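Undergrad: Got upload.pdb for you, PDB, C-alpha atoms:
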ATOM      1  CA  MET S   1     111.849  96.650 155.571
ATOM      2  CA  SER S   2     112.164  96.945 151.759
ATOM      3  CA  GLY S   3     110.265  94.377 149.742
ATOM      4  CA  GLN S   4     113.440  93.529 147.778
ATOM      5  CA  GLU S   5     115.533  92.998 150.914
ATOM      6  CA  LEU S   6     116.670  89.413 151.441
ATOM      7  CA  VAL S   7     115.668  87.583 154.580
ATOM      8  CA  THR S   8     117.273  84.398 155.913
ATOM      9  CA  LEU S   9     115.175  82.023 157.995
ATOM     10  CA  ASN S  10     116.350  79.059 160.016
ATOM     11  CA  VAL S  11     113.294  76.815 160.285
ATOM     12  CA  GLY S  12     113.981  73.783 162.436
ATOM     13  CA  GLY S  13     117.602  73.701 161.267
ATOM     14  CA  LYS S  14     116.862  74.199 157.549
ATOM     15  CA  VAL S  15     117.977  77.538 156.134
ATOM     16  CA  PHE S  16     115.873  79.470 153.614
ATOM     17  CA  THR S  17     116.662  82.767 151.902
ATOM     18  CA  THR S  18     113.909  84.762 150.207
ATOM     19  CA  ARG S  19     112.756  88.325 149.612
ATOM     20  CA  SER S  20     110.854  90.017 152.398
ATOM     21  CA  SER S  21     108.080  90.763 149.886
ATOM     22  CA  THR S  22     107.481  87.014 149.549
ATOM     23  CA  LEU S  23     106.856  86.709 153.283
ATOM     24  CA  GLN S  24     104.644  89.819 153.221
ATOM     25  CA  GLN S  25     102.056  88.330 150.848
ATOM     26  CA  PHE S  26      99.431  88.175 153.610
ATOM     27  CA  PRO S  27      99.508  91.142 156.014
ATOM     28  CA  GLY S  28      97.397  89.303 158.595
ATOM     29  CA  SER S  29      99.807  86.367 158.902
ATOM     30  CA  ARG S  30     102.397  85.726 161.603
ATOM     31  CA  LEU S  31     105.114  85.947 158.965
ATOM     32  CA  MET S  32     104.255  89.638 158.486
ATOM     33  CA  ARG S  33     104.403  90.224 162.235
ATOM     34  CA  MET S  34     107.680  88.295 162.363
ATOM     35  CA  LEU S  35     109.297  90.701 159.912
ATOM     36  CA  ASP S  36     108.244  93.883 161.688
ATOM     37  CA  GLY S  37     109.183  92.503 165.114
ATOM     38  CA  ARG S  38     105.676  92.408 166.580
ATOM     39  CA  ASP S  39     105.723  88.634 167.154
ATOM     40  CA  LYS S  40     108.235  87.984 169.916
ATOM     41  CA  GLU S  41     108.274  84.208 169.396
ATOM     42  CA  PHE S  42     110.674  84.630 166.484
ATOM     43  CA  LYS S  43     114.250  85.516 167.444
ATOM     44  CA  MET S  44     117.170  86.808 165.389
ATOM     45  CA  VAL S  45     120.175  84.481 165.826
ATOM     46  CA  ASP S  46     123.440  85.203 163.977
ATOM     47  CA  GLY S  47     121.659  87.184 161.295
ATOM     48  CA  GLN S  48     118.961  84.554 160.782
ATOM     49  CA  ILE S  49     115.391  84.543 162.041
ATOM     50  CA  PHE S  50     115.020  81.312 163.984
ATOM     51  CA  VAL S  51     111.666  79.524 163.719
ATOM     52  CA  ASP S  52     111.214  76.436 165.865
ATOM     53  CA  ARG S  53     109.003  74.589 163.400
ATOM     54  CA  ASP S  54     109.270  71.830 160.758
ATOM     55  CA  GLY S  55     111.717  72.962 158.078
ATOM     56  CA  VAL S  56     110.788  70.299 155.532
ATOM     57  CA  LEU S  57     107.134  71.340 155.554
ATOM     58  CA  PHE S  58     108.082  75.013 155.457
ATOM     59  CA  SER S  59     109.542  74.454 151.968
ATOM     60  CA  PHE S  60     105.981  73.809 150.715
ATOM     61  CA  ILE S  61     104.731  76.917 152.509
ATOM     62  CA  LEU S  62     107.443  79.047 150.932
ATOM     63  CA  ASP S  63     106.619  77.614 147.503
ATOM     64  CA  PHE S  64     102.985  78.610 148.046
ATOM     65  CA  LEU S  65     104.012  82.151 149.012
ATOM     66  CA  ARG S  66     106.116  82.452 145.869
ATOM     67  CA  THR S  67     103.589  81.050 143.370
ATOM     68  CA  GLN S  68     100.153  81.463 145.002
ATOM     69  CA  GLN S  69      99.609  77.802 144.083
ATOM     70  CA  LEU S  70      99.579  74.548 145.996
ATOM     71  CA  LEU S  71     101.318  71.724 144.148
ATOM     72  CA  LEU S  72     102.369  68.777 146.273
ATOM     73  CA  PRO S  73     104.204  65.585 145.255
ATOM     74  CA  THR S  74     102.012  62.696 144.132
ATOM     75  CA  ASP S  75     103.059  60.570 147.117
ATOM     76  CA  PHE S  76     102.676  63.381 149.678
ATOM     77  CA  SER S  77     100.927  62.086 152.819
ATOM     78  CA  ASP S  78     101.464  64.805 155.460
ATOM     79  CA  HIS S  79      98.372  66.895 154.694
ATOM     80  CA  LEU S  80      97.321  67.223 158.333
ATOM     81  CA  ARG S  81     100.808  68.211 159.513
ATOM     82  CA  LEU S  82     101.156  70.750 156.700
ATOM     83  CA  GLN S  83      97.740  72.135 157.539
ATOM     84  CA  ARG S  84      98.844  72.468 161.164
ATOM     85  CA  GLU S  85     101.889  74.461 160.010
ATOM     86  CA  ALA S  86      99.702  76.692 157.846
ATOM     87  CA  LEU S  87      97.484  77.349 160.870
ATOM     88  CA  PHE S  88     100.562  78.210 162.960
ATOM     89  CA  TYR S  89     101.636  80.836 160.435
ATOM     90  CA  GLU S  90      97.990  81.984 160.142
ATOM     91  CA  LEU S  91      97.916  81.466 156.388
ATOM     92  CA  ASN S  92      94.184  80.867 156.022
ATOM     93  CA  PRO S  93      94.163  80.766 152.183
ATOM     94  CA  LEU S  94      96.684  77.916 152.316
ATOM     95  CA  VAL S  95      94.551  76.099 154.881
ATOM     96  CA  ASP S  96      91.586  76.330 152.489
ATOM     97  CA  LEU S  97      93.624  74.994 149.556
ATOM     98  CA  LEU S  98      94.871  72.097 151.668
ATOM     99  CA  ASN S  99      91.273  71.181 152.431
ATOM    100  CA  GLN S 100      90.537  71.139 148.688
ATOM    101  CA  GLU S 101      93.709  69.233 147.816
ATOM    102  CA  HIS S 102      93.014  66.525 150.373
ATOM    103  CA  LYS S 103      89.513  66.012 148.930
ATOM    104  CA  LEU S 104      90.844  65.911 145.365
ATOM    105  CA  GLN S 105      93.574  63.331 145.941
ATOM    106  CA  PRO S 106      93.668  61.296 142.732
ATOM    107  CA  ARG S 107      92.679  57.650 142.692
ATOM    108  CA  PRO S 108      95.027  55.368 140.772
ATOM    109  CA  ALA S 109      94.017  54.240 137.290
ATOM    110  CA  LEU S 110      94.166  50.449 137.014
ATOM    111  CA  VAL S 111      94.687  48.289 133.932
ATOM    112  CA  GLU S 112      94.706  44.504 133.640
ATOM    113  CA  VAL S 113      95.979  42.686 130.555
ATOM    114  CA  HIS S 114      94.792  39.079 130.189
ATOM    115  CA  PHE S 115      96.932  37.077 127.762
ATOM    116  CA  LEU S 116      96.323  33.528 126.526
ATOM    117  CA  SER S 117      98.600  31.779 124.057
ATOM    118  CA  ARG S 118      97.065  28.699 122.450
ATOM    119  CA  ASN S 119      98.802  26.833 119.598
ATOM    120  CA  THR S 120      99.293  29.411 116.837
ATOM    121  CA  GLN S 121      96.913  31.993 118.269
ATOM    122  CA  ALA S 122      97.116  34.563 121.078
ATOM    123  CA  PHE S 123      94.120  36.188 122.750
ATOM    124  CA  PHE S 124      94.109  39.508 124.599
ATOM    125  CA  ARG S 125      91.564  41.146 126.877
ATOM    126  CA  VAL S 126      92.354  44.535 128.451
ATOM    127  CA  PHE S 127      90.344  45.861 131.398
ATOM    128  CA  GLY S 128      90.642  49.479 132.551
ATOM    129  CA  SER S 129      89.182  51.328 135.541
ATOM    130  CA  CYS S 130      89.254  54.503 133.426
ATOM    131  CA  SER S 131      87.383  54.398 130.116
ATOM    132  CA  LYS S 132      89.743  57.058 128.690
ATOM    133  CA  THR S 133      92.623  54.583 128.921
ATOM    134  CA  ILE S 134      90.625  52.021 126.967
ATOM    135  CA  GLU S 135      89.710  54.682 124.395
ATOM    136  CA  MET S 136      93.402  55.573 124.052
ATOM    137  CA  LEU S 137      94.364  51.933 123.434
ATOM    138  CA  THR S 138      91.464  51.443 121.012
ATOM    139  CA  GLY S 139      92.725  54.379 118.966
ATOM    140  CA  ARG S 140      96.240  52.950 118.812
ATOM    141  CA  ILE S 141      95.573  49.239 118.255
ATOM    142  CA  THR S 142      94.676  48.007 114.783
ATOM    143  CA  VAL S 143      93.902  44.408 113.868
ATOM    144  CA  PHE S 144      94.904  43.428 110.302
ATOM    145  CA  ILE S 145      93.175  40.358 108.872
ATOM    146  CA  GLU S 146      94.335  38.662 105.692
ATOM    147  CA  GLN S 147      91.722  38.695 102.940
ATOM    148  CA  PRO S 148      92.067  37.226  99.437
ATOM    149  CA  SER S 149      92.104  39.933  96.782
ATOM    150  CA  ALA S 150      91.598  37.419  93.919
ATOM    151  CA  PRO S 151      88.714  34.969  93.421
ATOM    152  CA  ALA S 152      88.722  32.070  95.877
ATOM    153  CA  SER S 153      89.122  29.589  93.005
ATOM    154  CA  SER S 154      92.608  30.867  92.270
ATOM    155  CA  THR S 155      95.400  28.407  93.001
ATOM    156  CA  PHE S 156      97.523  31.077  94.685
ATOM    157  CA  PRO S 157      95.168  33.850  95.794
ATOM    158  CA  GLN S 158      96.733  37.188  96.573
ATOM    159  CA  MET S 159      96.175  38.481 100.085
ATOM    160  CA  THR S 160      95.467  41.988 101.283
ATOM    161  CA  LEU S 161      95.299  43.188 104.875
ATOM    162  CA  LEU S 162      91.932  44.441 106.098
ATOM    163  CA  PRO S 163      92.351  46.878 109.036
ATOM    164  CA  LEU S 164      89.826  46.613 111.865
ATOM    165  CA  PRO S 165      89.606  48.149 115.354
ATOM    166  CA  PRO S 166      89.687  45.882 118.423
ATOM    167  CA  GLN S 167      86.318  44.838 119.828
ATOM    168  CA  ARG S 168      84.801  46.845 122.692
ATOM    169  CA  PRO S 169      82.475  44.633 124.801
ATOM    170  CA  SER S 170      82.028  47.575 127.190
ATOM    171  CA  TYR S 171      83.417  51.014 127.993
ATOM    172  CA  HIS S 172      86.010  49.455 130.275
ATOM    173  CA  ASP S 173      87.496  46.631 128.204
ATOM    174  CA  LEU S 174      88.644  45.642 124.732
ATOM    175  CA  VAL S 175      89.536  42.314 123.120
ATOM    176  CA  PHE S 176      91.631  41.270 120.128
ATOM    177  CA  GLN S 177      93.652  38.330 118.894
ATOM    178  CA  CYS S 178      96.599  37.602 116.628
ATOM    179  CA  GLY S 179      98.195  34.631 114.929
ATOM    180  CA  SER S 180      96.917  32.149 112.366
ATOM    181  CA  ASP S 181      93.541  30.456 112.275
ATOM    182  CA  SER S 182      91.631  28.283 109.831
ATOM    183  CA  THR S 183      88.593  29.562 107.947
ATOM    184  CA  THR S 184      85.506  27.745 106.722
ATOM    185  CA  ASP S 185      87.150  27.223 103.327
ATOM    186  CA  ASN S 186      90.073  25.397 104.991
ATOM    187  CA  GLN S 187      92.486  28.222 104.352
ATOM    188  CA  THR S 188      94.822  29.649 106.937
ATOM    189  CA  ARG S 189      94.500  33.358 107.593
ATOM    190  CA  ILE S 190      96.831  35.402 109.745
ATOM    191  CA  ARG S 191      95.813  38.232 112.062
ATOM    192  CA  TYR S 192      98.393  40.929 112.714
ATOM    193  CA  ILE S 193      98.422  43.595 115.403
ATOM    194  CA  SER S 194      99.840  47.094 115.124
ATOM    195  CA  ILE S 195     100.074  49.507 118.071
ATOM    196  CA  LYS S 196     100.820  53.147 117.253
ATOM    197  CA  PRO S 197     103.236  54.841 117.074
ATOM    198  CA  ASP S 198     105.023  51.561 116.225
ATOM    199  CA  ASN S 199     104.298  50.708 112.568
ATOM    200  CA  ARG S 200     105.150  47.008 112.756
ATOM    201  CA  LYS S 201     102.468  44.406 112.104
ATOM    202  CA  LEU S 202     103.054  41.556 114.545
ATOM    203  CA  ALA S 203     101.484  38.112 114.499
ATOM    204  CA  ASN S 204     103.437  36.539 117.354
ATOM    205  CA  GLY S 205     101.508  36.840 120.622
ATOM    206  CA  THR S 206     104.582  37.262 122.824
ATOM    207  CA  ASN S 207     105.837  40.122 120.655
ATOM    208  CA  VAL S 208     102.417  41.813 120.749
ATOM    209  CA  LEU S 209     102.314  41.438 124.539
ATOM    210  CA  GLY S 210     105.722  43.092 124.857
ATOM    211  CA  LEU S 211     104.663  46.001 122.651
ATOM    212  CA  LEU S 212     101.415  46.431 124.597
ATOM    213  CA  ILE S 213     103.313  46.506 127.906
ATOM    214  CA  ASP S 214     105.791  49.051 126.493
ATOM    215  CA  THR S 215     102.854  51.228 125.405
ATOM    216  CA  LEU S 216     101.356  51.222 128.902
ATOM    217  CA  LEU S 217     104.740  51.995 130.484
ATOM    218  CA  MET S 218     105.208  54.970 128.146
ATOM    219  CA  GLU S 219     101.776  56.227 129.235
ATOM    220  CA  GLY S 220     102.974  56.371 132.840
ATOM    221  CA  PHE S 221     101.645  53.029 134.074
ATOM    222  CA  HIS S 222     103.722  50.816 136.354
ATOM    223  CA  LEU S 223     103.618  47.026 136.398
ATOM    224  CA  VAL S 224     102.532  46.106 139.932
ATOM    225  CA  GLY S 225     101.879  42.376 139.648
ATOM    226  CA  THR S 226     101.488  39.266 137.525
ATOM    227  CA  ARG S 227      99.478  36.126 138.138
ATOM    228  CA  THR S 228      97.887  33.135 136.416
ATOM    229  CA  VAL S 229      94.127  33.613 136.229
ATOM    230  CA  SER S 230      93.207  30.052 135.307
ATOM    231  CA  SER S 231      95.312  26.957 135.922
ATOM    232  CA  GLU S 232      93.405  25.125 133.172
ATOM    233  CA  ASP S 233      94.125  27.361 130.192
ATOM    234  CA  ARG S 234      97.002  29.265 131.911
ATOM    235  CA  THR S 235      95.716  32.734 131.130
ATOM    236  CA  GLU S 236      98.313  35.241 132.315
ATOM    237  CA  CYS S 237      97.273  38.505 133.974
ATOM    238  CA  TYR S 238      99.458  41.624 134.117
ATOM    239  CA  SER S 239      98.308  44.378 136.487
ATOM    240  CA  PHE S 240      99.269  48.024 135.992
ATOM    241  CA  GLU S 241      98.684  51.169 138.025
ATOM    242  CA  ARG S 242      99.077  54.865 137.290
ATOM    243  CA  ILE S 243      98.616  57.759 139.681
ATOM    244  CA  LYS S 244      97.980  60.959 137.798
ATOM    245  CA  LYS S 245      99.924  63.947 139.040
ATOM    246  CA  PRO S 246      97.425  66.443 140.486
ATOM    247  CA  ASP S 247      97.059  69.888 138.978
ATOM    248  CA  ALA S 248      98.212  72.872 140.963
ATOM    249  CA  LEU S 249      95.501  74.536 143.054
ATOM    250  CA  ALA S 250      95.554  78.306 142.684
ATOM    251  CA  MET S 251      94.317  80.666 145.345
ATOM    252  CA  ASN S 252      91.189  82.672 144.613
ATOM    253  CA  LYS S 253      92.321  86.199 143.672
ATOM    254  CA  THR S 254      89.259  87.745 145.320
ATOM    255  CA  LEU S 255      90.127  85.961 148.535
ATOM    256  CA  LYS S 256      93.683  87.287 148.375
ATOM    257  CA  SER S 257      92.411  90.840 147.874
ATOM    258  CA  GLU S 258      90.095  90.522 150.863
ATOM    259  CA  THR S 259      92.931  89.109 152.947
ATOM    260  CA  THR S 260      95.220  91.962 151.930
ATOM    261  CA  LEU S 261      92.639  94.571 152.877
ATOM    262  CA  MET S 262      91.864  92.954 156.217
ATOM    263  CA  PRO S 263      92.509  95.482 158.997
ATOM    264  CA  GLU S 264      95.121  94.576 161.589
ATOM    265  CA  GLN S 265      93.838  93.528 164.976
TER     266      GLN S 265
END
Could you express the structure from this file as structure tokens?
TA:
Amino acid sequence: MSGQELVTLNVGGKVFTTRSSTLQQFPGSRLMRMLDGRDKEFKMVDGQIFVDRDGVLFSFILDFLRTQQLLLPTDFSDHLRLQREALFYELNPLVDLLNQEHKLQPRPALVEVHFLSRNTQAFFRVFGSCSKTIEMLTGRITVFIEQPSAPASSTFPQMTLLPLPPQRPSYHDLVFQCGSDSTTDNQTRIRYISIKPDNRKLANGTNVLGLLIDTLLMEGFHLVGTRTVSSEDRTECYSFERIKKPDALAMNKTLKSETTLMPEQ
């Protein structure tokens, strides 16, 4: 059979069409024996090779044969069933990659935003299970504090904005606040918050909270819950989760060469 010849498979009622060369990637597999007629379990029915197996899972097997990579959906949960199908077709390299993929299943990244609004001030504390998320937010959030640019004795001192990063109590959290507060000289100073790439400087806590939530959503996080942490000061907690899409696992080229050179039994 020519490698460019098209082959149609009916796998459990799902029809697939591919080149015979795709199915011939691994000479020791049952797919190779299916094409040359040596495996009698596979029958030709109305011009299609009928395979009494799971057609949905076969789509992942065919993708592996085409790309030499294993890339499964983030929410994929049928690793054992797919491994069983790979064993049926005697695709040992795919079995090995499935073992790796199952071990490397990503854990979700978690973020909690604690928000407290009190009088004219708003306080924020952000906790993250991944320090890289906190580093990303630290690089985007800037606190601007009003500072007088003229001597304090001036009747109407001019104000400039002093940019500062948020505080980092640990690798996994950061704190900042916005709004107006009184200083030791009985003057009211305003703290503004800016979150890149938005250039606005916001002093209202509710507006800052909305911008912070939008930032997390754009980074792939999903809001999974809200609650009140303390009934006394009514601190609000917003919980976020992100599951990073796993990278594709590529088959070892040396292993493929050894598989190709394996003598037929």
Undergrad: Using only C-alpha atoms - which residues lie no farther than 10 Å from the point (103.8, 57.7, 139.5) in the file's frame? Write them as a ChimeraX atom specification.
TA: /S:73-75,108,220-222,241-245
Undergrad: One number please: atom CA of Leu72 of chain S to atom CA of Asp52 of chain S, in Å, one decimal.
TA: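 Spanning atom CA of Leu72 of chain S to atom CA of Asp52 of chain S is a straight-line distance of 22.8 Å.
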Undergrad: Could you expand the PyMOL selection byres ((chain S and resi 41) around 12) into the explicit residues it covers here, written as a list in words?
TA: Arg30, Leu31, Arg33, Met34, Leu35, Gly37, Arg38, Asp39, Lys40, Phe42, Lys43, Met44, Ile49, Phe50, Val51, Asp52, Arg53, Phe88 and Tyr89 of chain S
Undergrad: Restricting it to C-alpha atoms, dump the selection as a CSV table (one decimal), in the coordinates of the input.
TA:
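As a result, selection.csv now contains:
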chain,number,residue,atom,x,y,z
S,30,ARG,CA,102.4,85.7,161.6
S,31,LEU,CA,105.1,85.9,159.0
S,33,ARG,CA,104.4,90.2,162.2
S,34,MET,CA,107.7,88.3,162.4
S,35,LEU,CA,109.3,90.7,159.9
S,37,GLY,CA,109.2,92.5,165.1
S,38,ARG,CA,105.7,92.4,166.6
S,39,ASP,CA,105.7,88.6,167.2
S,40,LYS,CA,108.2,88.0,169.9
S,42,PHE,CA,110.7,84.6,166.5
S,43,LYS,CA,114.2,85.5,167.4
S,44,MET,CA,117.2,86.8,165.4
S,49,ILE,CA,115.4,84.5,162.0
S,50,PHE,CA,115.0,81.3,164.0
S,51,VAL,CA,111.7,79.5,163.7
S,52,ASP,CA,111.2,76.4,165.9
S,53,ARG,CA,109.0,74.6,163.4
S,88,PHE,CA,100.6,78.2,163.0
S,89,TYR,CA,101.6,80.8,160.4
Undergrad: Do you have the atom CA of Phe26 of chain S-atom CA of Leu91 of chain S distance handy?
TA: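 Interatomic distance here is 7.4 Å.
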Undergrad: For Leu137 of chain S, which residue among S:Ser59, S:Gln24, S:Gln48, S:Gln167 is the nearest when counting only C-alpha atoms?
TA: S:Gln167
Undergrad: Enclose the full set of atoms of segment 57-66 of chain S listed in the file within a box whose edges lie along x, y and z, apply 5 Å of padding to each of the six sides, and report centre and edge lengths in Å to one decimal as JSON.
TA:
{"center_x": 106.3, "center_y": 76.9, "center_z": 150.7, "size_x": 16.6, "size_y": 21.1, "size_z": 19.7}
Undergrad: To one decimal place, how far is atom CA of Asp54 of chain S from atom CA of Lys14 of chain S in Å?
TA: 8.6 Å
Undergrad: Write out as a JSON list (two decimals) with C-alpha atoms, in the frame of the given file which residues come within 12 Å of Asn199 of chain S when counting only C-alpha atoms, dropping same-chain ones fewer than 4 positions away.
TA:
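Dumped to selection-v1.json:
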[["chain", "number", "residue", "atom", "x", "y", "z"],
["S", 140, "ARG", "CA", 96.24, 52.95, 118.81],
["S", 141, "ILE", "CA", 95.57, 49.24, 118.26],
["S", 142, "THR", "CA", 94.68, 48.01, 114.78],
["S", 192, "TYR", "CA", 98.39, 40.93, 112.71],
["S", 193, "ILE", "CA", 98.42, 43.60, 115.40],
["S", 194, "SER", "CA", 99.84, 47.09, 115.12],
["S", 195, "ILE", "CA", 100.07, 49.51, 118.07],
["S", 211, "LEU", "CA", 104.66, 46.00, 122.65]]
Undergrad: Using the chain letters and numbers from the file, which residues does the PyMOL selection byres ((chain S and resi 124) around 6) grab, as a ChimeraX atom specification?
TA: /S:114-115,123,125,175-177
Undergrad: I need the residue nearest Glu85 of chain S from this list: S:Met136, S:Val111, S:Leu57, S:Cys237. Use all atoms listed in the file for the distance.
TA: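 That would be S:Leu57, the residue with the smallest distance to Glu85 of chain S.
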Undergrad: Show me, as number ranges by chain, the residues that have an atom within 6 Å of Ala122 of chain S when counting only C-alpha atoms, minus same-chain residues fewer than 4 positions from it.
TA: S: 116-117, 177-178, 205
Undergrad: Which is closer to Arg118 of chain S than all the others in S:Pro165, S:Pro93, S:Gly179, S:Pro148, using all atoms listed in the file?
TA: S:Gly179
Undergrad: With only C-alpha atoms as the atoms that count, which of S:Gln83, S:Pro197, S:Ser129, S:Pro27 lies nearest to Asp214 of chain S?
TA: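 Looking only at the distances to Asp214 of chain S, the closest residue turns out to be S:Pro197.
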Undergrad: Between S:Thr138, S:Gln121, S:Ser29, S:Thr18, which residue has the minimum interatomic distance to Leu87 of chain S, considering all atoms listed in the file?
TA: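 Comparing S:Thr138, S:Gln121, S:Ser29, S:Thr18 against Leu87 of chain S, the winner is S:Ser29.
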Undergrad: Find, counting only C-alpha atoms, the residue in S:Ser77, S:Gln69, S:Gln187, S:Ser170 that gets nearest to Gly128 of chain S.
TA: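 Comparing S:Ser77, S:Gln69, S:Gln187, S:Ser170 against Gly128 of chain S, the winner is S:Ser170.
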Undergrad: Name all residues at most 6 Å from Glu112 of chain S (count all atoms listed in the file; drop same-chain ones fewer than 2 positions away) and give them as a short mmCIF file (atom, residue, chain, number, x, y, z; two decimals) with C-alpha atoms, in the frame of the given file.
TA:
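Below is the file part-v7.cif, written as the result:
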data_model
loop_
_atom_site.label_atom_id
_atom_site.label_comp_id
_atom_site.auth_asym_id
_atom_site.auth_seq_id
_atom_site.Cartn_x
_atom_site.Cartn_y
_atom_site.Cartn_z
CA VAL S 126 92.35 44.54 128.45
CA PHE S 127 90.34 45.86 131.40
CA TYR S 238 99.46 41.62 134.12
CA SER S 239 98.31 44.38 136.49
#
Undergrad: Saving segment 228-240 of chain S with N, CA and C atoms, as a PDB file, in the first residue's frame, what would that file be?
TA:
ATOM      1  N   THR S 228     -17.195  36.402  53.005  1.00  0.00           N
ATOM      2  CA  THR S 228     -16.802  37.416  53.979  1.00  0.00           C
ATOM      3  C   THR S 228     -15.890  36.759  55.003  1.00  0.00           C
ATOM      4  N   VAL S 229     -14.665  37.246  55.096  1.00  0.00           N
ATOM      5  CA  VAL S 229     -13.669  36.633  55.973  1.00  0.00           C
ATOM      6  C   VAL S 229     -13.987  36.915  57.432  1.00  0.00           C
ATOM      7  N   SER S 230     -14.308  38.169  57.735  1.00  0.00           N
ATOM      8  CA  SER S 230     -14.568  38.564  59.111  1.00  0.00           C
ATOM      9  C   SER S 230     -15.878  39.321  59.175  1.00  0.00           C
ATOM     10  N   SER S 231     -16.777  38.880  60.068  1.00  0.00           N
ATOM     11  CA  SER S 231     -18.059  39.557  60.214  1.00  0.00           C
ATOM     12  C   SER S 231     -17.902  40.896  60.936  1.00  0.00           C
ATOM     13  N   GLU S 232     -16.779  41.086  61.635  1.00  0.00           N
ATOM     14  CA  GLU S 232     -16.575  42.323  62.384  1.00  0.00           C
ATOM     15  C   GLU S 232     -16.192  43.478  61.462  1.00  0.00           C
ATOM     16  N   ASP S 233     -15.150  43.282  60.657  1.00  0.00           N
ATOM     17  CA  ASP S 233     -14.743  44.376  59.771  1.00  0.00           C
ATOM     18  C   ASP S 233     -15.227  44.172  58.334  1.00  0.00           C
ATOM     19  N   ARG S 234     -15.924  43.028  58.081  1.00  0.00           N
ATOM     20  CA  ARG S 234     -16.513  42.724  56.770  1.00  0.00           C
ATOM     21  C   ARG S 234     -15.472  42.765  55.648  1.00  0.00           C
ATOM     22  N   THR S 235     -14.357  42.097  55.896  1.00  0.00           N
ATOM     23  CA  THR S 235     -13.364  41.917  54.839  1.00  0.00           C
ATOM     24  C   THR S 235     -13.899  40.928  53.812  1.00  0.00           C
ATOM     25  N   GLU S 236     -13.899  41.328  52.554  1.00  0.00           N
ATOM     26  CA  GLU S 236     -14.390  40.474  51.477  1.00  0.00           C
ATOM     27  C   GLU S 236     -13.230  39.684  50.884  1.00  0.00           C
ATOM     28  N   CYS S 237     -13.502  38.434  50.527  1.00  0.00           N
ATOM     29  CA  CYS S 237     -12.478  37.573  49.922  1.00  0.00           C
ATOM     30  C   CYS S 237     -12.970  37.078  48.577  1.00  0.00           C
ATOM     31  N   TYR S 238     -12.155  37.242  47.546  1.00  0.00           N
ATOM     32  CA  TYR S 238     -12.462  36.772  46.197  1.00  0.00           C
ATOM     33  C   TYR S 238     -11.431  35.706  45.831  1.00  0.00           C
ATOM     34  N   SER S 239     -11.912  34.512  45.502  1.00  0.00           N
ATOM     35  CA  SER S 239     -11.020  33.386  45.209  1.00  0.00           C
ATOM     36  C   SER S 239     -10.983  33.123  43.708  1.00  0.00           C
ATOM     37  N   PHE S 240      -9.767  32.954  43.186  1.00  0.00           N
ATOM     38  CA  PHE S 240      -9.559  32.721  41.761  1.00  0.00           C
ATOM     39  C   PHE S 240      -8.743  31.445  41.560  1.00  0.00           C
TER      40      PHE S 240
END
